[in-house]
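Take a look at the structure set out below.
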Amino acid sequence: MTEALEVQPAPAAVPASAGPVRRDRVLTVLVPLVSVAAALLVWELVSRTGLISQRDLPAMSTAFHELWRLMTTRAFWVDYLETLRGWALGIVLATLLAVPIGIVLGSSDFLGSAFRVPIEFLRPIPSAALIPVLFLTLGTNVKSEVFLATFGAFWPLLVQTIYGVRDVDPVTSDTGRSFGLGRTERLYRITLPSAVPYVWTGLRIASTVALILAFTAELFMGTGGLGQRLNVADSFGLYDQVYAIALAIGFLGIGIHLALSALERRVLRWHPSQRASAQ
Amino acid sequence: MSGRTYRALKIGAEIAVPIAILIAWQLWTVHAQDPNFPRLSTILVEFKDLWLFSDFGTHVVPSLKRILLGFGIATVLGVGLGIPLGLSRWTRAFAMPHVEYWRAMPPPALLPISIVLLHSIGDTQKVALIAFFCLFPILLNTMDGVRAIDPTLIETARSYNVPRWERIRRLVVPGALPQIAAGMRTSLSLAVIIMVVAEYFSSSSGVGYVLLISKNTFEFAPMWAAILLIGVLGYALNVLFLLAERRILAWHRGWRAASPL
């Protein structure tokens, strides 16, 4: 996030004393913790007092206890890894397809406009609509799941790559040309490095989409994974487990998000200005 | 090649490529004779029979209503919560853990819970689910938009004693509007996805329901017609939103073009 654009006067610039700064720092850690604790407490109370019946909303402690119980079973981790596998294969395949195609379409004005209409039409189509087709053609296996995740992740990556390649600073590109750099060399030294932040933004969007679609495929097609487990628990009316699995998939989502952010800081460290403009 | 011929060729390709793709699809389906992939012409006839306009009222209108209602609620809540969160650091610190958690959650994971909690498989549950998940892109973009406003502007308004409410109405909202619009666009396509998934999971009307029924009865032409309709719906909503955005943000683009940055 853009910390420099904080809507606040900057008292930190001239620290009169260490006191307020330290208090600030403590609060920055404390406030989110208090907030999470408060939410969990409210959940517990709403259920325990019967405001919402415990059948519809199991108490927070019950749900976490159930999650803990699941986490001690091997089958749960197998499902967890299967969902993760669907996500990872989808992201990798989508990147391998979208980035080269994006570079070609982005660097050629002619091809770019030739394929503009099909891309603009296919991009906003919700991939979830393809589930019945996959169900009947590829079948209820991991192929369908990976296809769906790849299809969904492909479009944001493709569009971001095209934008990134088009947004290369013309002065830099011309400078390279006047120094006698060939086409391939300009691609490697100028176009690709400056497109990386855009591709990365595409990757972040694609990562969310791929997880949603891998999970959705499991939920509706019965491919192994957390989605299938959720469907089974729901069919048997095991609501403690339904809540526990929803918690687990939430943690998986936020885990992937945090891992990508950490990776982004490492990968794009050399390009802070570009990173700001790509967001 | 002269510039003019090149431009003509480019426009020609822009028209020819989509047509070529459609013709290839038709030829391939005629050749393949695969029941899973009916001829494009069959799908188009089915599309016309189903959606123009015999089943439009029974299935398309309910789906559209759910999308727009959920999206509308999400917009009001997202902007309404995003402005105070963008302006105040401590409320933001308080809210962020929850926002981060829920926006990382795949929406279908809450399908069973939404049904149990709301005792509904009808409009209430679908609208609530759409509104809940569409909230986060709008909320986050509103917050970022508010935070990116030049602090000098706000300080200046404050030192001229512009009341808080006026400051928000005249400075903060217009300043954050381009980003709010970006968030809304993300949410609108999300709304279509959640509509399909929620109707496919449990419902008695809607486009997603048609998709489910035709899959269960192995009727491929209506299934493809429904997929095509969902595609058209997603595309049309996106185009309509872009048109509205262009009108509403005309001042912003004009200002951007004029400014040296």
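Identifiers in the structure tokens: chain A, B, ... in order shown; residue index from 1 per chain; ligand index from 1 in order shown.
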Near region 226-241 of chain B, within 7 Å and counting only C-alpha atoms, which residues show up once chain neighbours fewer than 2 positions away are dropped, as a PDB file with C-alpha atoms, in the first residue's frame?
```
ATOM      1  CA  PHE A 121     -15.426 -10.910 -25.231  1.00  0.00           C
ATOM      2  CA  PRO A 124     -15.417 -11.167 -18.636  1.00  0.00           C
ATOM      3  CA  ILE A 125     -17.083 -14.565 -19.137  1.00  0.00           C
ATOM      4  CA  PRO A 126     -17.423 -16.203 -15.744  1.00  0.00           C
ATOM      5  CA  ALA A 129     -20.233 -21.349 -16.362  1.00  0.00           C
TER       6      ALA A 129
ATOM      7  CA  SER B 189     -17.871  -9.214 -12.827  1.00  0.00           C
ATOM      8  CA  VAL B 192     -22.010 -12.447 -12.257  1.00  0.00           C
ATOM      9  CA  VAL B 207     -29.658 -18.728 -15.578  1.00  0.00           C
ATOM     10  CA  VAL B 210     -31.096 -23.595 -16.343  1.00  0.00           C
ATOM     11  CA  LEU B 211     -27.442 -24.582 -16.603  1.00  0.00           C
ATOM     12  CA  PRO B 222     -29.794 -25.446 -23.856  1.00  0.00           C
ATOM     13  CA  MET B 223     -26.675 -25.873 -21.739  1.00  0.00           C
ATOM     14  CA  TRP B 224     -24.511 -24.170 -24.345  1.00  0.00           C
ATOM     15  CA  LEU B 243     -20.071   3.711 -20.728  1.00  0.00           C
ATOM     16  CA  ALA B 244     -21.521   5.017 -17.470  1.00  0.00           C
ATOM     17  CA  GLU B 245     -18.040   5.435 -16.007  1.00  0.00           C
TER      18      GLU B 245
END
```
For this session: Please return, as a ChimeraX atom specification, all residues of chain B lying within 7 Å of chain A when only C-alpha atoms are considered.
Result: /B:10,13-14,17-18,36,87,93-94,97,101,104-106,108-110,112,116-117,147-148,151,189,192-193,196-197,215,227,230-231,234-235
Saved selection, atoms kept: N, CA and C atoms, as a compact mmCIF listing (two decimals), in the first residue's frame:
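The result, stored in selection-v8.txt:
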```
# COMPACT_ATOMS: atom_id res chain seq x y z
N LYS B 10 -5.45 -3.40 -40.61
CA LYS B 10 -5.63 -3.63 -39.17
C LYS B 10 -7.11 -3.74 -38.84
N ALA B 13 -8.48 -6.96 -40.09
CA ALA B 13 -8.15 -8.10 -39.23
C ALA B 13 -9.03 -8.10 -37.99
N GLU B 14 -9.30 -6.89 -37.48
CA GLU B 14 -10.09 -6.81 -36.26
C GLU B 14 -11.49 -7.38 -36.48
N VAL B 17 -10.94 -11.67 -37.81
CA VAL B 17 -10.53 -12.72 -36.88
C VAL B 17 -11.70 -13.28 -36.07
N PRO B 18 -12.55 -12.44 -35.46
CA PRO B 18 -13.69 -13.02 -34.73
C PRO B 18 -14.60 -13.85 -35.64
N ASN B 36 -21.51 -33.71 -27.11
CA ASN B 36 -21.13 -32.71 -26.11
C ASN B 36 -20.99 -31.32 -26.72
N LEU B 87 -10.03 7.52 5.95
CA LEU B 87 -9.67 8.78 6.62
C LEU B 87 -9.01 8.54 7.97
N ALA B 93 -6.85 0.19 11.11
CA ALA B 93 -6.10 -0.88 11.79
C ALA B 93 -7.06 -1.88 12.42
N PHE B 94 -8.19 -1.37 12.90
CA PHE B 94 -9.18 -2.23 13.53
C PHE B 94 -9.86 -3.15 12.51
N PRO B 97 -7.75 -6.64 9.57
CA PRO B 97 -7.64 -8.11 9.65
C PRO B 97 -8.87 -8.81 9.07
N TYR B 101 -9.01 -11.12 5.66
CA TYR B 101 -9.43 -12.52 5.74
C TYR B 101 -10.56 -12.81 4.75
N ALA B 104 -9.90 -12.87 0.95
CA ALA B 104 -9.12 -14.01 0.45
C ALA B 104 -9.97 -15.28 0.39
N MET B 105 -11.17 -15.23 0.93
CA MET B 105 -12.04 -16.41 1.00
C MET B 105 -12.70 -16.65 -0.36
N PRO B 106 -12.60 -17.86 -0.93
CA PRO B 106 -13.33 -18.12 -2.17
C PRO B 106 -14.84 -18.10 -1.90
N PRO B 108 -17.55 -19.50 -3.09
CA PRO B 108 -18.37 -20.72 -2.96
C PRO B 108 -18.24 -21.39 -1.60
N ALA B 109 -17.15 -21.10 -0.86
CA ALA B 109 -16.95 -21.72 0.44
C ALA B 109 -18.06 -21.33 1.42
N LEU B 110 -18.69 -20.18 1.17
CA LEU B 110 -19.73 -19.74 2.09
C LEU B 110 -21.13 -20.11 1.61
N PRO B 112 -22.86 -23.10 1.56
CA PRO B 112 -23.67 -23.83 2.53
C PRO B 112 -24.00 -22.97 3.76
N VAL B 116 -27.69 -21.98 5.51
CA VAL B 116 -28.04 -22.34 6.88
C VAL B 116 -28.34 -21.10 7.71
N LEU B 117 -27.51 -20.08 7.56
CA LEU B 117 -27.66 -18.89 8.39
C LEU B 117 -28.91 -18.11 8.04
N ARG B 147 -7.11 7.52 0.61
CA ARG B 147 -5.77 7.73 1.17
C ARG B 147 -4.84 8.41 0.17
N ALA B 148 -5.13 8.26 -1.12
CA ALA B 148 -4.23 8.83 -2.13
C ALA B 148 -4.52 10.30 -2.40
N PRO B 151 -2.77 15.30 0.73
CA PRO B 151 -3.08 15.80 2.08
C PRO B 151 -3.19 17.33 2.13
N SER B 189 -18.12 -7.90 -12.21
CA SER B 189 -17.87 -9.21 -12.83
C SER B 189 -17.91 -10.31 -11.77
N VAL B 192 -21.51 -11.49 -11.26
CA VAL B 192 -22.01 -12.45 -12.26
C VAL B 192 -21.54 -13.85 -11.89
N ILE B 193 -20.27 -13.97 -11.50
CA ILE B 193 -19.73 -15.28 -11.15
C ILE B 193 -20.50 -15.87 -9.97
N VAL B 196 -23.97 -17.11 -10.87
CA VAL B 196 -23.97 -18.42 -11.54
C VAL B 196 -23.74 -19.54 -10.52
N VAL B 197 -22.72 -19.36 -9.68
CA VAL B 197 -22.35 -20.42 -8.75
C VAL B 197 -23.47 -20.68 -7.74
N LYS B 215 -27.73 -29.69 -17.63
CA LYS B 215 -26.62 -30.63 -17.41
C LYS B 215 -27.17 -31.95 -16.89
N ILE B 227 -24.65 -21.04 -21.33
CA ILE B 227 -23.26 -20.56 -21.19
C ILE B 227 -23.06 -19.30 -22.04
N ILE B 230 -24.66 -16.36 -20.37
CA ILE B 230 -23.86 -15.86 -19.25
C ILE B 230 -22.69 -15.02 -19.78
N GLY B 231 -22.09 -15.50 -20.87
CA GLY B 231 -21.02 -14.73 -21.50
C GLY B 231 -21.50 -13.37 -21.97
N GLY B 234 -22.16 -11.11 -18.95
CA GLY B 234 -20.94 -10.57 -18.36
C GLY B 234 -20.37 -9.46 -19.23
N TYR B 235 -20.37 -9.71 -20.55
CA TYR B 235 -19.82 -8.73 -21.47
C TYR B 235 -20.65 -7.46 -21.48
```
Exercise. Counting only C-alpha atoms, which of B:Met143, B:Glu46, B:Val127, B:Pro35 gets nearest to Ser88 (chain B)?
Worked result: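 Ranking B:Met143, B:Glu46, B:Val127, B:Pro35 by distance to Ser88 (chain B), first place goes to B:Met143.
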For this session: Just give me the gap between CA of Phe71 (chain B) and CA of Ile83 (chain B) in Å, one decimal is fine.
Result: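 Distance reported for this atom pair: 18.0 Å.
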